[in-house]
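Asker: Starting off with a structure, shown below.
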Amino acid sequence: MMESIRSYGLSRLAGIKIDTDELRRRLLMPQYLRLAMLDSITKKDVDGGDQHFPSSGSADVPCPESPMIVFINPRSGGRNGPLLKERLQKLISEEQVLDLEDVKPHEFVRYGLACIEKWANDGDFCAKEIRQNIRIVVAGGDGTVGWVLGCLGELNQNGREPVPPVAIIPLGTGNDLSRSFGWGGSYPFTWKSDIKKALHRASVGPVSNLDSWHVVVQMPGGEVADPPHSLKAAEECSLDKTLEIEGDLPDKVNYYEGVFYNYFSIGMDAKVAYGFHHFRNEKPHLAQGPLANKIIYSGYSCSQGWFLTTCTSDPSLRGLKNILKMHVKKVNSTEWEQIPVPKSCCFKSS
């Protein structure tokens with residue numbers, strides 16, 4: 001179970017002026033902690049920022065009410081991603097706005113946040129307060145949000161609580177998760193004040209629970225796939241031994257496992273998203289915003305359908321139900337439940 005910050009909408013802030021200095025005071029971490037955190041991430045060493053900590057302690061250092069870290073995906077939001085990054089850095093600080101091209105979420109968790117935890121455990125008052133109250137904002141699409149949430153899940157697994165709640169600035173194409181939590185389906189770049197309102201909402205918004213799922217994919221060995229951020233190659237399968245698998249497993253098997261939240265797709269729609277992901281990486285200049293992205297998505301969608309499945313293909317491979325079995329094990333349950341795959345679920349092999 002993860003936590004996400006629920007927005008109460010821009011309409012409730014209509015006509016309310018957000019004071020920049022007051023907002024910055026509530027979000028800005030002390031300089032020594034910002035520098036220590038960033039150095040630890042850069043050096044990939046929890047002790048990498050020790051030189052920044054004051055020898056006299058931090059009892060007199062003011063602590064922010066809602067310390068905030070922002071992850072931004074510059075590839076999302078078309079041409080507006082870099083502009084939003086610049087504005088966020090001016091409103092908070094450069095050290096607290098992390099570009100996902102430079103700093104990966106797991107690096108923040110393992111080194112940056114661990115640096116703050118280390119000093120909190122050593123008695124630094126401000127580090128302790130910040131670790132307790134820190135919040136995360138993700139500026140990107142559903143995939144980016146899921147990536148960050150998955151890395152924060154390490155905290156639960158390792159008993160490093162509390163897990164920071166996550167707010168969203170929707171820069172993606174679909175933004176389904178953002179819409180579900182009240183952050184909207186797109187982000188307006190017309191007014192600079194919208195950024196301040198988003199940060200204000202993220203700092204005071206109520207926290208809601210979000211179900212998380214651990215997924216294990218087991219498939220015949222062969223060519224190594226390039227999985228999305230939500231899946232990582234695993235040497236061994238952590239599948240529960242109580243699950244009975246019908247038939248014989250191939251001699252060589254590849255395992256992938258990870259965490260997902262609002263949806264996990266298999267089949268044609270997954271192949272469309274997968275194709276778009278690689279297209280955007282190869283030709284980022286053509287994927288410049290939600291409208292252009294939707295057009296590209298439409299192009300991929302038209303190439304994936306039962307009506308385009310070659311008539312000479314092996315009929316046994318046309319339905320997912322013939323090549324895929326799905327089992328779910330709920331929390332606090334001891335038994336696996338097989339999920340029937342409808343006949344209408346199709347797969348197009350390439």
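Quick note on naming: the chains in the structure tokens go A, B, ... in the order shown, residues restart at 1 in each chain, and ligands are numbered from 1 in order of appearance.
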Could you list, as a VMD selection string, every residue within 7 Å of region 58-72 of chain A, counting only C-alpha atoms and ignoring same-chain residues fewer than 4 positions away?
Answerer: chain A and resid 25 to 29 54 85 96 to 100 124 to 126 130 133 to 140 203
Asker: With C-alpha atoms retained, write the just-selected residues as an mmCIF file, in the first residue's frame.
Answerer:
data_model
loop_
_atom_site.group_PDB
_atom_site.id
_atom_site.type_symbol
_atom_site.label_atom_id
_atom_site.label_comp_id
_atom_site.auth_asym_id
_atom_site.auth_seq_id
_atom_site.Cartn_x
_atom_site.Cartn_y
_atom_site.Cartn_z
ATOM 1 C CA ARG A 25 9.758 29.081 3.448
ATOM 2 C CA ARG A 26 7.483 26.048 3.840
ATOM 3 C CA LEU A 27 9.232 23.967 1.167
ATOM 4 C CA LEU A 28 12.921 24.921 1.267
ATOM 5 C CA MET A 29 15.305 22.596 3.088
ATOM 6 C CA PRO A 54 27.436 21.814 10.985
ATOM 7 C CA LYS A 85 11.977 22.641 -14.400
ATOM 8 C CA GLN A 96 15.409 19.923 -4.551
ATOM 9 C CA VAL A 97 14.317 19.686 -8.210
ATOM 10 C CA LEU A 98 15.785 16.484 -9.662
ATOM 11 C CA ASP A 99 15.961 15.903 -13.413
ATOM 12 C CA LEU A 100 15.266 12.222 -14.113
ATOM 13 C CA ASP A 124 20.324 16.102 13.853
ATOM 14 C CA PHE A 125 16.986 17.710 14.726
ATOM 15 C CA CYS A 126 16.304 19.304 11.349
ATOM 16 C CA ILE A 130 12.545 16.674 7.311
ATOM 17 C CA ASN A 133 7.533 15.328 6.847
ATOM 18 C CA ILE A 134 9.116 15.125 3.389
ATOM 19 C CA ARG A 135 6.785 14.973 0.390
ATOM 20 C CA ILE A 136 7.479 14.060 -3.234
ATOM 21 C CA VAL A 137 6.126 15.719 -6.382
ATOM 22 C CA VAL A 138 6.431 13.938 -9.740
ATOM 23 C CA ALA A 139 6.165 16.054 -12.888
ATOM 24 C CA GLY A 140 5.548 13.561 -15.676
ATOM 25 C CA SER A 203 2.207 20.714 0.577
#
Asker: What gap, in Å, lies between CA of Lys197 (chain A) and CA of Arg6 (chain A)?
Answerer: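 Computing it gives 13.8 Å between the two atoms.
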Asker: As a VMD selection string, please: the residues near Ala120 (chain A) (cut-off 12 Å, only C-alpha atoms, same-chain neighbours under 4 positions excluded).
Answerer: chain A and resid 33 53 57 to 58 113 to 116 124 to 132
Asker: Could the residues in this selection be saved with all heavy atoms as a short mmCIF file (atom, residue, chain, number, x, y, z; two decimals), in the first residue's frame?
Answerer:
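Done, and the output landed in out.cif:
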data_model
loop_
_atom_site.label_atom_id
_atom_site.label_comp_id
_atom_site.auth_asym_id
_atom_site.auth_seq_id
_atom_site.Cartn_x
_atom_site.Cartn_y
_atom_site.Cartn_z
N LEU A 33 21.66 20.57 4.33
CA LEU A 33 21.00 19.30 4.01
C LEU A 33 20.82 19.12 2.51
O LEU A 33 20.97 18.02 1.99
CB LEU A 33 19.66 19.23 4.72
CG LEU A 33 19.67 18.74 6.17
CD1 LEU A 33 18.29 18.85 6.79
CD2 LEU A 33 20.16 17.31 6.24
N PHE A 53 27.63 19.09 7.06
CA PHE A 53 26.87 19.15 8.30
C PHE A 53 27.58 20.01 9.33
O PHE A 53 28.79 19.89 9.53
CB PHE A 53 26.63 17.74 8.85
CG PHE A 53 25.51 17.04 8.17
CD1 PHE A 53 25.73 16.37 6.97
CD2 PHE A 53 24.23 17.07 8.69
CE1 PHE A 53 24.69 15.74 6.31
CE2 PHE A 53 23.19 16.43 8.04
CZ PHE A 53 23.41 15.77 6.86
N GLY A 57 25.65 21.41 15.42
CA GLY A 57 24.27 20.92 15.42
C GLY A 57 23.33 21.85 14.68
O GLY A 57 23.73 22.92 14.20
N SER A 58 22.06 21.45 14.60
CA SER A 58 21.09 22.23 13.82
C SER A 58 19.89 22.67 14.65
O SER A 58 18.83 22.93 14.11
CB SER A 58 20.60 21.39 12.63
OG SER A 58 19.94 20.21 13.11
N LEU A 113 18.07 10.20 0.31
CA LEU A 113 17.19 10.05 1.46
C LEU A 113 17.91 9.31 2.59
O LEU A 113 17.71 9.61 3.77
CB LEU A 113 15.91 9.30 1.06
CG LEU A 113 14.76 9.35 2.07
CD1 LEU A 113 14.31 10.77 2.33
CD2 LEU A 113 13.58 8.51 1.56
N ALA A 114 18.76 8.36 2.23
CA ALA A 114 19.52 7.63 3.24
C ALA A 114 20.48 8.55 3.99
O ALA A 114 20.74 8.37 5.18
CB ALA A 114 20.29 6.48 2.60
N CYS A 115 21.01 9.56 3.29
CA CYS A 115 21.88 10.54 3.93
C CYS A 115 21.11 11.30 5.01
O CYS A 115 21.61 11.50 6.13
CB CYS A 115 22.43 11.50 2.88
SG CYS A 115 23.28 12.95 3.53
N ILE A 116 19.89 11.73 4.68
CA ILE A 116 19.06 12.44 5.66
C ILE A 116 18.72 11.53 6.83
O ILE A 116 18.76 11.93 8.00
CB ILE A 116 17.78 12.97 4.97
CG1 ILE A 116 18.15 13.99 3.89
CG2 ILE A 116 16.83 13.60 6.00
CD1 ILE A 116 16.96 14.48 3.08
N ASP A 124 20.54 14.80 14.49
CA ASP A 124 20.32 16.10 13.85
C ASP A 124 18.83 16.39 13.83
O ASP A 124 18.04 15.71 13.16
CB ASP A 124 20.89 16.10 12.43
CG ASP A 124 20.84 17.46 11.78
OD1 ASP A 124 19.76 17.85 11.28
OD2 ASP A 124 21.87 18.15 11.76
N PHE A 125 18.41 17.43 14.55
CA PHE A 125 16.99 17.71 14.73
C PHE A 125 16.31 18.03 13.40
O PHE A 125 15.23 17.52 13.10
CB PHE A 125 16.81 18.88 15.70
CG PHE A 125 15.37 19.34 15.84
CD1 PHE A 125 14.47 18.60 16.60
CD2 PHE A 125 14.92 20.48 15.19
CE1 PHE A 125 13.15 19.02 16.72
CE2 PHE A 125 13.61 20.89 15.30
CZ PHE A 125 12.72 20.16 16.07
N CYS A 126 16.93 18.89 12.60
CA CYS A 126 16.30 19.30 11.35
C CYS A 126 16.20 18.13 10.38
O CYS A 126 15.20 17.98 9.68
CB CYS A 126 17.11 20.44 10.73
SG CYS A 126 16.16 21.43 9.56
N ALA A 127 17.23 17.29 10.31
CA ALA A 127 17.19 16.11 9.45
C ALA A 127 16.06 15.19 9.87
O ALA A 127 15.35 14.61 9.03
CB ALA A 127 18.52 15.38 9.48
N LYS A 128 15.84 15.04 11.17
CA LYS A 128 14.77 14.18 11.69
C LYS A 128 13.41 14.72 11.29
O LYS A 128 12.52 13.96 10.86
CB LYS A 128 14.89 14.08 13.20
CG LYS A 128 13.87 13.14 13.84
CD LYS A 128 14.08 13.02 15.33
CE LYS A 128 13.07 12.06 15.96
NZ LYS A 128 13.29 11.94 17.43
N GLU A 129 13.22 16.04 11.41
CA GLU A 129 11.93 16.65 11.05
C GLU A 129 11.67 16.54 9.55
O GLU A 129 10.55 16.25 9.12
CB GLU A 129 11.93 18.12 11.48
CG GLU A 129 11.84 18.35 12.98
CD GLU A 129 10.49 17.89 13.53
OE1 GLU A 129 9.46 18.38 13.02
OE2 GLU A 129 10.48 17.06 14.45
N ILE A 130 12.70 16.74 8.76
CA ILE A 130 12.55 16.67 7.31
C ILE A 130 12.24 15.24 6.87
O ILE A 130 11.37 15.02 6.02
CB ILE A 130 13.81 17.22 6.61
CG1 ILE A 130 13.83 18.75 6.73
CG2 ILE A 130 13.85 16.80 5.14
CD1 ILE A 130 15.07 19.39 6.17
N ARG A 131 12.93 14.28 7.45
CA ARG A 131 12.65 12.89 7.07
C ARG A 131 11.22 12.50 7.42
O ARG A 131 10.57 11.72 6.70
CB ARG A 131 13.64 11.95 7.78
CG ARG A 131 13.41 10.48 7.47
CD ARG A 131 13.54 10.20 6.00
NE ARG A 131 13.19 8.83 5.66
CZ ARG A 131 11.99 8.43 5.29
NH1 ARG A 131 10.98 9.31 5.23
NH2 ARG A 131 11.76 7.18 4.97
N GLN A 132 10.70 13.02 8.49
CA GLN A 132 9.35 12.69 8.93
C GLN A 132 8.29 13.33 8.04
O GLN A 132 7.24 12.74 7.79
CB GLN A 132 9.14 13.14 10.39
CG GLN A 132 7.82 12.72 10.99
CD GLN A 132 7.72 11.21 11.21
OE1 GLN A 132 8.74 10.55 11.40
NE2 GLN A 132 6.52 10.68 11.19
#
Asker: DSSP on the backbone: which residues in region 29-133 of chain A end up as strand (DSSP E)? Give the answer as a compact mmCIF listing (two decimals) with all heavy atoms, in the first residue's frame.
Answerer:
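Output (part.txt):
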# COMPACT_ATOMS: atom_id res chain seq x y z
N MET A 68 10.09 19.43 0.39
CA MET A 68 9.60 18.82 -0.85
C MET A 68 10.74 18.52 -1.81
O MET A 68 11.66 19.32 -1.97
CB MET A 68 8.59 19.76 -1.50
CG MET A 68 7.80 19.15 -2.64
SD MET A 68 6.40 20.20 -3.08
CE MET A 68 5.36 19.99 -1.63
N ILE A 69 10.65 17.35 -2.44
CA ILE A 69 11.55 16.96 -3.52
C ILE A 69 10.69 16.80 -4.78
O ILE A 69 9.64 16.15 -4.75
CB ILE A 69 12.28 15.64 -3.21
CG1 ILE A 69 13.18 15.79 -2.00
CG2 ILE A 69 13.08 15.18 -4.43
CD1 ILE A 69 14.34 16.75 -2.19
N VAL A 70 11.15 17.38 -5.89
CA VAL A 70 10.42 17.29 -7.15
C VAL A 70 11.24 16.49 -8.16
O VAL A 70 12.41 16.79 -8.40
CB VAL A 70 10.11 18.69 -7.73
CG1 VAL A 70 9.35 18.56 -9.05
CG2 VAL A 70 9.32 19.53 -6.74
N PHE A 71 10.64 15.45 -8.71
CA PHE A 71 11.22 14.72 -9.84
C PHE A 71 10.53 15.20 -11.11
O PHE A 71 9.30 15.23 -11.17
CB PHE A 71 11.00 13.21 -9.71
CG PHE A 71 11.83 12.55 -8.66
CD1 PHE A 71 11.29 12.24 -7.42
CD2 PHE A 71 13.15 12.24 -8.90
CE1 PHE A 71 12.06 11.63 -6.44
CE2 PHE A 71 13.93 11.63 -7.93
CZ PHE A 71 13.39 11.32 -6.69
N ILE A 72 11.32 15.56 -12.10
CA ILE A 72 10.72 16.03 -13.35
C ILE A 72 11.29 15.26 -14.53
O ILE A 72 12.50 15.04 -14.62
CB ILE A 72 10.92 17.55 -13.55
CG1 ILE A 72 10.22 18.03 -14.82
CG2 ILE A 72 12.40 17.93 -13.55
CD1 ILE A 72 10.06 19.52 -14.92
N VAL A 97 15.00 20.02 -6.96
CA VAL A 97 14.32 19.69 -8.21
C VAL A 97 15.26 18.77 -9.00
O VAL A 97 16.29 19.22 -9.50
CB VAL A 97 13.96 20.95 -9.02
CG1 VAL A 97 13.26 20.54 -10.33
CG2 VAL A 97 13.07 21.87 -8.20
N LEU A 98 14.90 17.50 -9.08
CA LEU A 98 15.78 16.48 -9.66
C LEU A 98 15.33 16.10 -11.07
O LEU A 98 14.19 15.66 -11.26
CB LEU A 98 15.81 15.24 -8.76
CG LEU A 98 16.21 15.50 -7.30
CD1 LEU A 98 16.16 14.20 -6.50
CD2 LEU A 98 17.57 16.16 -7.19
N ASP A 99 16.22 16.28 -12.02
CA ASP A 99 15.96 15.90 -13.41
C ASP A 99 16.18 14.40 -13.54
O ASP A 99 17.26 13.88 -13.22
CB ASP A 99 16.91 16.67 -14.32
CG ASP A 99 16.58 16.51 -15.80
OD1 ASP A 99 16.13 15.42 -16.20
OD2 ASP A 99 16.78 17.47 -16.57
Asker: Rank nothing, just name the residue among A:Lys118, A:Arg34, A:His106, A:Arg75 nearest to Asp47 (chain A), using only C-alpha atoms.
Answerer: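 For Asp47 (chain A), the nearest of the given residues is A:Lys118.
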Asker: For CA of Pro206 (chain A) and CA of Ile5 (chain A), determine how far apart the two atoms are, in Å to one decimal place.
Answerer: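 Straight-line distance from CA of Pro206 (chain A) to CA of Ile5 (chain A) works out to 5.8 Å.
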Asker: Using only C-alpha atoms, which protein or nucleic acid residues come within 8 Å of Tyr256 (chain A)? Drop anything in the same chain fewer than 4 positions from it, and give the result as an mmCIF file with all heavy atoms, in the first residue's frame.
Answerer:
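Written output follows (selection13.cif):
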data_model
loop_
_atom_site.group_PDB
_atom_site.id
_atom_site.type_symbol
_atom_site.label_atom_id
_atom_site.label_comp_id
_atom_site.auth_asym_id
_atom_site.auth_seq_id
_atom_site.Cartn_x
_atom_site.Cartn_y
_atom_site.Cartn_z
ATOM 1 N N VAL A 216 5.086 -10.694 -11.247
ATOM 2 C CA VAL A 216 6.180 -11.562 -11.681
ATOM 3 C C VAL A 216 5.820 -12.122 -13.053
ATOM 4 O O VAL A 216 4.739 -12.694 -13.233
ATOM 5 C CB VAL A 216 6.414 -12.724 -10.686
ATOM 6 C CG1 VAL A 216 7.508 -13.645 -11.212
ATOM 7 C CG2 VAL A 216 6.782 -12.195 -9.316
ATOM 8 N N VAL A 217 6.685 -11.917 -14.017
ATOM 9 C CA VAL A 217 6.467 -12.422 -15.373
ATOM 10 C C VAL A 217 7.500 -13.509 -15.631
ATOM 11 O O VAL A 217 8.703 -13.292 -15.496
ATOM 12 C CB VAL A 217 6.609 -11.298 -16.416
ATOM 13 C CG1 VAL A 217 6.424 -11.863 -17.829
ATOM 14 C CG2 VAL A 217 5.606 -10.190 -16.151
ATOM 15 N N GLN A 218 7.014 -14.680 -15.994
ATOM 16 C CA GLN A 218 7.874 -15.818 -16.305
ATOM 17 C C GLN A 218 7.623 -16.207 -17.748
ATOM 18 O O GLN A 218 6.478 -16.457 -18.145
ATOM 19 C CB GLN A 218 7.536 -16.971 -15.363
ATOM 20 C CG GLN A 218 8.320 -18.233 -15.604
ATOM 21 C CD GLN A 218 7.920 -19.311 -14.603
ATOM 22 O OE1 GLN A 218 8.409 -19.350 -13.491
ATOM 23 N NE2 GLN A 218 7.008 -20.174 -15.009
ATOM 24 N N LEU A 231 9.366 -3.081 -14.712
ATOM 25 C CA LEU A 231 9.844 -4.464 -14.662
ATOM 26 C C LEU A 231 11.365 -4.513 -14.736
ATOM 27 O O LEU A 231 11.984 -3.812 -15.535
ATOM 28 C CB LEU A 231 9.265 -5.281 -15.822
ATOM 29 C CG LEU A 231 7.775 -5.634 -15.769
ATOM 30 C CD1 LEU A 231 7.396 -6.401 -17.022
ATOM 31 C CD2 LEU A 231 7.447 -6.428 -14.524
ATOM 32 N N LYS A 232 11.944 -5.357 -13.895
ATOM 33 C CA LYS A 232 13.391 -5.549 -13.900
ATOM 34 C C LYS A 232 13.692 -7.036 -14.066
ATOM 35 O O LYS A 232 12.973 -7.885 -13.532
ATOM 36 C CB LYS A 232 14.017 -5.043 -12.590
ATOM 37 C CG LYS A 232 13.729 -3.583 -12.277
ATOM 38 C CD LYS A 232 14.330 -2.648 -13.310
ATOM 39 C CE LYS A 232 14.049 -1.184 -12.951
ATOM 40 N NZ LYS A 232 14.548 -0.272 -14.009
ATOM 41 N N ALA A 233 14.745 -7.330 -14.801
ATOM 42 C CA ALA A 233 15.164 -8.719 -14.976
ATOM 43 C C ALA A 233 15.612 -9.286 -13.636
ATOM 44 O O ALA A 233 16.272 -8.609 -12.848
ATOM 45 C CB ALA A 233 16.288 -8.806 -15.997
ATOM 46 N N ALA A 234 15.217 -10.499 -13.346
ATOM 47 C CA ALA A 234 15.573 -11.161 -12.096
ATOM 48 C C ALA A 234 16.237 -12.493 -12.403
ATOM 49 O O ALA A 234 15.818 -13.215 -13.315
ATOM 50 C CB ALA A 234 14.331 -11.373 -11.230
ATOM 51 N N CYS A 237 13.275 -16.522 -9.714
ATOM 52 C CA CYS A 237 11.865 -16.167 -9.588
ATOM 53 C C CYS A 237 11.452 -16.217 -8.123
ATOM 54 O O CYS A 237 11.686 -17.212 -7.432
ATOM 55 C CB CYS A 237 11.008 -17.123 -10.412
ATOM 56 S SG CYS A 237 9.252 -16.736 -10.366
#
Asker: List the neighbours of Thr144 (chain A) out to 12 Å using only C-alpha atoms; skip same-chain residues closer than 4 positions along the sequence, and give me the result as number ranges by chain.
Answerer: A: 71-77, 99-101, 104-105, 137-140, 148-151, 166, 168-175, 177-178, 228-230, 260-261, 277
Asker: Write out as a PyMOL selection string the set of residues from region 51-262 of chain A that DSSP, computed on the backbone, places in alpha helix (DSSP H).
Answerer: chain A and resi 80-91+105-107+113-121+125-133+142-157+176-180+193-204
Asker: Compare A:Gly258, A:Pro342, A:Gly81, A:Gly123 by their minimum atom-to-atom distance to Glu154 (chain A), counting only C-alpha atoms, and give me the closest one.
Answerer: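 The answer is A:Gly258, which sits nearest to Glu154 (chain A).
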